[in-house]
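Below: query.cif (mmCIF, C-alpha atoms; chains and numbers go by the auth columns)
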```
data_structure
#
loop_
_atom_site.group_PDB
_atom_site.id
_atom_site.type_symbol
_atom_site.label_atom_id
_atom_site.label_comp_id
_atom_site.label_asym_id
_atom_site.label_seq_id
_atom_site.Cartn_x
_atom_site.Cartn_y
_atom_site.Cartn_z
_atom_site.B_iso_or_equiv
_atom_site.auth_seq_id
_atom_site.auth_asym_id
ATOM 1 C CA ALA A 1 23.185 -43.276 15.145 0.00 1 A
ATOM 2 C CA THR A 2 23.658 -40.565 12.544 0.00 2 A
ATOM 3 C CA ALA A 3 20.206 -41.271 11.127 0.00 3 A
ATOM 4 C CA LYS A 4 18.646 -40.828 14.575 0.00 4 A
ATOM 5 C CA GLY A 5 20.574 -37.551 15.009 0.00 5 A
ATOM 6 C CA ASP A 6 19.421 -36.343 11.576 0.00 6 A
ATOM 7 C CA LEU A 7 15.839 -37.335 12.424 0.00 7 A
ATOM 8 C CA LYS A 8 15.997 -35.374 15.691 0.00 8 A
ATOM 9 C CA ILE A 9 17.371 -32.263 13.872 0.00 9 A
ATOM 10 C CA THR A 10 14.720 -32.566 11.154 0.00 10 A
ATOM 11 C CA GLU A 11 11.896 -32.939 13.685 0.00 11 A
ATOM 12 C CA THR A 12 13.159 -29.909 15.628 0.00 12 A
ATOM 13 C CA GLY A 13 13.362 -27.871 12.391 0.00 13 A
ATOM 14 C CA LYS A 14 9.875 -28.996 11.424 0.00 14 A
ATOM 15 C CA ALA A 15 8.473 -27.985 14.831 0.00 15 A
ATOM 16 C CA GLU A 16 10.105 -24.572 14.547 0.00 16 A
ATOM 17 C CA ASP A 17 8.751 -24.129 11.013 0.00 17 A
ATOM 18 C CA GLU A 18 5.241 -25.141 12.122 0.00 18 A
ATOM 19 C CA LYS A 19 5.415 -22.636 15.000 0.00 19 A
ATOM 20 C CA LYS A 20 6.569 -19.906 12.600 0.00 20 A
ATOM 21 C CA LEU A 21 3.734 -20.796 10.183 0.00 21 A
ATOM 22 C CA GLU A 22 1.196 -20.605 13.013 0.00 22 A
ATOM 23 C CA ASP A 23 2.579 -17.211 14.118 0.00 23 A
ATOM 24 C CA THR A 24 2.505 -15.936 10.522 0.00 24 A
ATOM 25 C CA ILE A 25 -1.101 -17.063 10.017 0.00 25 A
ATOM 26 C CA THR A 26 -2.115 -15.405 13.316 0.00 26 A
ATOM 27 C CA SER A 27 -0.326 -12.197 12.366 0.00 27 A
ATOM 28 C CA CYS A 28 -1.867 -12.240 8.891 0.00 28 A
ATOM 29 C CA HIS A 29 -5.337 -12.725 10.359 0.00 29 A
ATOM 30 C CA ALA A 30 -4.824 -9.862 12.834 0.00 30 A
ATOM 31 C CA ARG A 31 -3.670 -7.544 10.047 0.00 31 A
ATOM 32 C CA SER A 32 -6.615 -8.590 7.911 0.00 32 A
ATOM 33 C CA VAL A 33 -9.050 -7.747 10.702 0.00 33 A
ATOM 34 C CA GLU A 34 -7.297 -4.414 11.293 0.00 34 A
ATOM 35 C CA PHE A 35 -7.451 -3.635 7.573 0.00 35 A
ATOM 36 C CA GLU A 36 -11.190 -4.338 7.483 0.00 36 A
ATOM 37 C CA GLN A 37 -11.732 -2.086 10.501 0.00 37 A
ATOM 38 C CA ASN A 38 -9.687 0.657 8.851 0.00 38 A
ATOM 39 C CA GLN A 39 -11.771 0.329 5.703 0.00 39 A
ATOM 40 C CA VAL A 40 -14.903 1.009 7.757 0.00 40 A
ATOM 41 C CA VAL A 41 -13.247 4.046 9.360 0.00 41 A
ATOM 42 C CA ARG A 42 -12.085 5.342 5.962 0.00 42 A
ATOM 43 C CA ALA A 43 -15.611 4.948 4.573 0.00 43 A
ATOM 44 C CA GLU A 44 -16.944 7.029 7.484 0.00 44 A
ATOM 45 C CA GLU A 45 -14.232 9.646 6.837 0.00 45 A
ATOM 46 C CA VAL A 46 -15.237 9.828 3.184 0.00 46 A
ATOM 47 C CA LYS A 47 -18.885 10.302 4.181 0.00 47 A
ATOM 48 C CA ALA A 48 -17.932 13.110 6.565 0.00 48 A
ATOM 49 C CA ILE A 49 -15.810 14.838 3.942 0.00 49 A
ATOM 50 C CA GLU A 50 -18.608 14.486 1.383 0.00 50 A
ATOM 51 C CA LYS A 51 -20.999 16.085 3.880 0.00 51 A
ATOM 52 C CA ALA A 52 -18.542 18.938 4.442 0.00 52 A
ATOM 53 C CA SER A 53 -18.205 19.389 0.671 0.00 53 A
ATOM 54 C CA GLU A 54 -21.986 19.416 0.372 0.00 54 A
ATOM 55 C CA ILE A 55 -22.143 22.212 2.947 0.00 55 A
ATOM 56 C CA LEU A 56 -19.492 24.181 1.089 0.00 56 A
ATOM 57 C CA ARG A 57 -21.385 23.771 -2.198 0.00 57 A
ATOM 58 C CA SER A 58 -24.745 24.675 -0.664 0.00 58 A
ATOM 59 C CA ASP A 59 -26.726 27.758 -1.643 0.00 59 A
ATOM 60 C CA GLU A 60 -25.830 29.359 1.693 0.00 60 A
ATOM 61 C CA VAL A 61 -22.218 29.760 0.621 0.00 61 A
ATOM 62 C CA SER A 62 -22.751 29.801 -3.143 0.00 62 A
ATOM 63 C CA GLY A 63 -21.249 32.865 -4.807 0.00 63 A
ATOM 64 C CA SER A 64 -19.046 33.725 -1.828 0.00 64 A
ATOM 65 C CA ALA A 65 -15.871 32.913 -3.724 0.00 65 A
ATOM 66 C CA GLU A 66 -16.235 35.826 -6.124 0.00 66 A
ATOM 67 C CA LYS A 67 -17.083 38.145 -3.261 0.00 67 A
ATOM 68 C CA HIS A 68 -14.452 37.147 -0.705 0.00 68 A
ATOM 69 C CA LEU A 69 -11.437 35.736 -2.504 0.00 69 A
ATOM 70 C CA PRO A 70 -8.341 37.917 -2.862 0.00 70 A
ATOM 71 C CA ALA A 71 -8.881 40.639 -5.443 0.00 71 A
ATOM 72 C CA LEU A 72 -6.420 42.285 -7.784 0.00 72 A
ATOM 73 C CA VAL A 73 -5.727 45.752 -6.453 0.00 73 A
ATOM 74 C CA GLN A 74 -2.902 47.150 -8.521 0.00 74 A
ATOM 75 C CA LEU A 75 -1.107 46.211 -11.736 0.00 75 A
ATOM 76 C CA ARG A 76 2.110 48.079 -12.452 0.00 76 A
ATOM 77 C CA HIS A 77 5.137 47.115 -14.531 0.00 77 A
ATOM 78 C CA ALA A 78 3.847 43.558 -14.947 0.00 78 A
ATOM 79 C CA ALA A 79 3.750 43.090 -11.174 0.00 79 A
ATOM 80 C CA SER A 80 0.543 42.591 -9.290 0.00 80 A
ATOM 81 C CA LEU A 81 -0.404 43.273 -5.726 0.00 81 A
ATOM 82 C CA VAL A 82 -3.055 41.158 -4.112 0.00 82 A
ATOM 83 C CA GLN A 83 -4.979 42.395 -1.108 0.00 83 A
ATOM 84 C CA LEU A 84 -6.453 39.889 1.271 0.00 84 A
ATOM 85 C CA ARG A 85 -9.487 40.715 3.351 0.00 85 A
ATOM 86 C CA GLY A 86 -8.686 41.499 6.950 0.00 86 A
ATOM 87 C CA GLY A 87 -11.532 39.361 8.204 0.00 87 A
ATOM 88 C CA GLU A 88 -14.233 37.081 6.977 0.00 88 A
ATOM 89 C CA SER A 89 -17.951 37.587 6.864 0.00 89 A
ATOM 90 C CA PRO A 90 -20.060 36.143 9.675 0.00 90 A
ATOM 91 C CA GLN A 91 -21.634 33.748 7.158 0.00 91 A
ATOM 92 C CA GLU A 92 -18.232 32.419 6.107 0.00 92 A
ATOM 93 C CA SER A 93 -17.211 32.055 9.741 0.00 93 A
ATOM 94 C CA ARG A 94 -20.392 30.130 10.616 0.00 94 A
ATOM 95 C CA THR A 95 -19.983 27.875 7.577 0.00 95 A
ATOM 96 C CA ARG A 96 -16.343 27.149 8.389 0.00 96 A
ATOM 97 C CA GLU A 97 -17.249 26.412 12.017 0.00 97 A
ATOM 98 C CA ARG A 98 -20.131 24.189 10.904 0.00 98 A
ATOM 99 C CA VAL A 99 -17.875 22.178 8.583 0.00 99 A
ATOM 100 C CA ALA A 100 -15.153 21.893 11.222 0.00 100 A
ATOM 101 C CA GLY A 101 -17.715 20.850 13.850 0.00 101 A
ATOM 102 C CA LEU A 102 -19.175 18.183 11.578 0.00 102 A
ATOM 103 C CA LEU A 103 -15.744 16.781 10.747 0.00 103 A
ATOM 104 C CA GLU A 104 -14.692 16.833 14.405 0.00 104 A
ATOM 105 C CA ALA A 105 -17.885 15.080 15.518 0.00 105 A
ATOM 106 C CA GLN A 106 -17.412 12.377 12.893 0.00 106 A
ATOM 107 C CA ALA A 107 -13.749 12.011 13.880 0.00 107 A
ATOM 108 C CA LYS A 108 -14.736 11.402 17.509 0.00 108 A
ATOM 109 C CA LYS A 109 -17.576 9.079 16.501 0.00 109 A
ATOM 110 C CA ILE A 110 -15.403 6.807 14.375 0.00 110 A
ATOM 111 C CA GLY A 111 -12.130 7.370 16.248 0.00 111 A
ATOM 112 C CA SER A 112 -10.220 8.762 13.282 0.00 112 A
ATOM 113 C CA LYS A 113 -7.151 10.855 14.042 0.00 113 A
ATOM 114 C CA TYR A 114 -6.838 11.761 10.359 0.00 114 A
ATOM 115 C CA LEU A 115 -10.342 13.167 10.182 0.00 115 A
ATOM 116 C CA ALA A 116 -9.671 15.079 13.414 0.00 116 A
ATOM 117 C CA LEU A 117 -6.642 16.604 11.733 0.00 117 A
ATOM 118 C CA VAL A 118 -8.771 17.610 8.733 0.00 118 A
ATOM 119 C CA ALA A 119 -11.293 19.170 11.144 0.00 119 A
ATOM 120 C CA THR A 120 -8.541 21.162 12.823 0.00 120 A
ATOM 121 C CA HIS A 121 -7.305 22.470 9.500 0.00 121 A
ATOM 122 C CA ALA A 122 -10.836 23.243 8.334 0.00 122 A
ATOM 123 C CA GLY A 123 -11.463 25.309 11.458 0.00 123 A
ATOM 124 C CA ALA A 124 -8.270 27.306 11.113 0.00 124 A
ATOM 125 C CA ASP A 125 -7.920 30.446 9.019 0.00 125 A
ATOM 126 C CA PRO A 126 -5.584 29.350 6.208 0.00 126 A
ATOM 127 C CA PHE A 127 -4.463 32.884 5.414 0.00 127 A
ATOM 128 C CA SER A 128 -3.860 34.184 8.940 0.00 128 A
ATOM 129 C CA LYS A 129 -0.049 34.084 8.598 0.00 129 A
ATOM 130 C CA VAL A 130 -0.178 35.700 5.165 0.00 130 A
ATOM 131 C CA LYS A 131 -2.512 38.425 6.435 0.00 131 A
ATOM 132 C CA LYS A 132 -0.201 39.116 9.365 0.00 132 A
ATOM 133 C CA MET A 133 2.844 39.314 7.095 0.00 133 A
ATOM 134 C CA ILE A 134 1.074 41.762 4.769 0.00 134 A
ATOM 135 C CA LYS A 135 -0.046 43.919 7.708 0.00 135 A
ATOM 136 C CA ASP A 136 3.531 43.922 9.045 0.00 136 A
ATOM 137 C CA LEU A 137 4.810 45.068 5.646 0.00 137 A
ATOM 138 C CA ILE A 138 2.306 47.931 5.496 0.00 138 A
#
```
Now that the file is in, can you turn its structure into structure tokens?
Amino acid sequence: ATAKGDLKITETGKAEDEKKLEDTITSCHARSVEFEQNQVVRAEEVKAIEKASEILRSDEVSGSAEKHLPALVQLRHAASLVQLRGGESPQESRTRERVAGLLEAQAKKIGSKYLALVATHAGADPFSKVKKMIKDLI
């Protein structure tokens, strides 16, 4: 009688373990498929970012850094004052919009929320708050 009871408990445990194994294999397979899909999306994101970098390195925007980056205005008592341009050139604006548009289009095409976030940041003026604070101080 005890042997039959032990057999019943063992068979029940085995059935539960087999069910858990099946669920684990299914879950593992689903995660594997999701990982592969994410790899494809990440590869598309990398391509889009490389394209944006290519645009930024192009001859159209080459040399703009020296012309438009903050310049040293005053040096006094080992303290420096940096003046930021109030606006950007039309060429810089077009380039920034072009890069942001490319990244946004790729984000929509491949369904990447991370690339969309990069596109949003690329389209924004990174120094707008700093410029406003400096204007408020002056």
In terms of the shortest atom-to-atom distance over all atoms listed in the file, which of A:Leu103, A:Ile49, A:Leu56, A:Ile110 is closest to Gln37 in chain A?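 The shortest atom-to-atom distance to Gln37 in chain A comes from A:Ile110.
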As an exercise, work out the distance from CA of Thr26 in chain A to CA of Tyr114 in chain A in Å and give it to one decimal place.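 Between these atoms lies a distance of 27.7 Å.
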Atom pair CA of Glu34 in chain A / CA of Ala119 in chain A: separation (Å): 23.9 Å
Using the chain letters and numbering of this document, enumerate as an MDAnalysis selection string the residues selected by the PyMOL selection byres ((chain A and resi 122) around 10). chainID A and resid 52 96:101 103:104 116:121 123:126
Please report the interatomic distance between CA of Lys109 in chain A and CA of Glu36 in chain A in Å with one decimal.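 About the pair CA of Lys109 in chain A and CA of Glu36 in chain A: they are 17.4 Å apart.
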So that I can see what lies close to Ala48 in chain A, please list as a list in words the residues with an atom at most 10 Å from it, counting all atoms listed in the file and leaving out residues fewer than 4 positions away in the same chain. Arg42, Ala43, Glu44, Ala52, Ser53, Glu54, Val99, Leu102, Leu103, Glu104, Ala105, Gln106, Ala107 and Leu115 of chain A
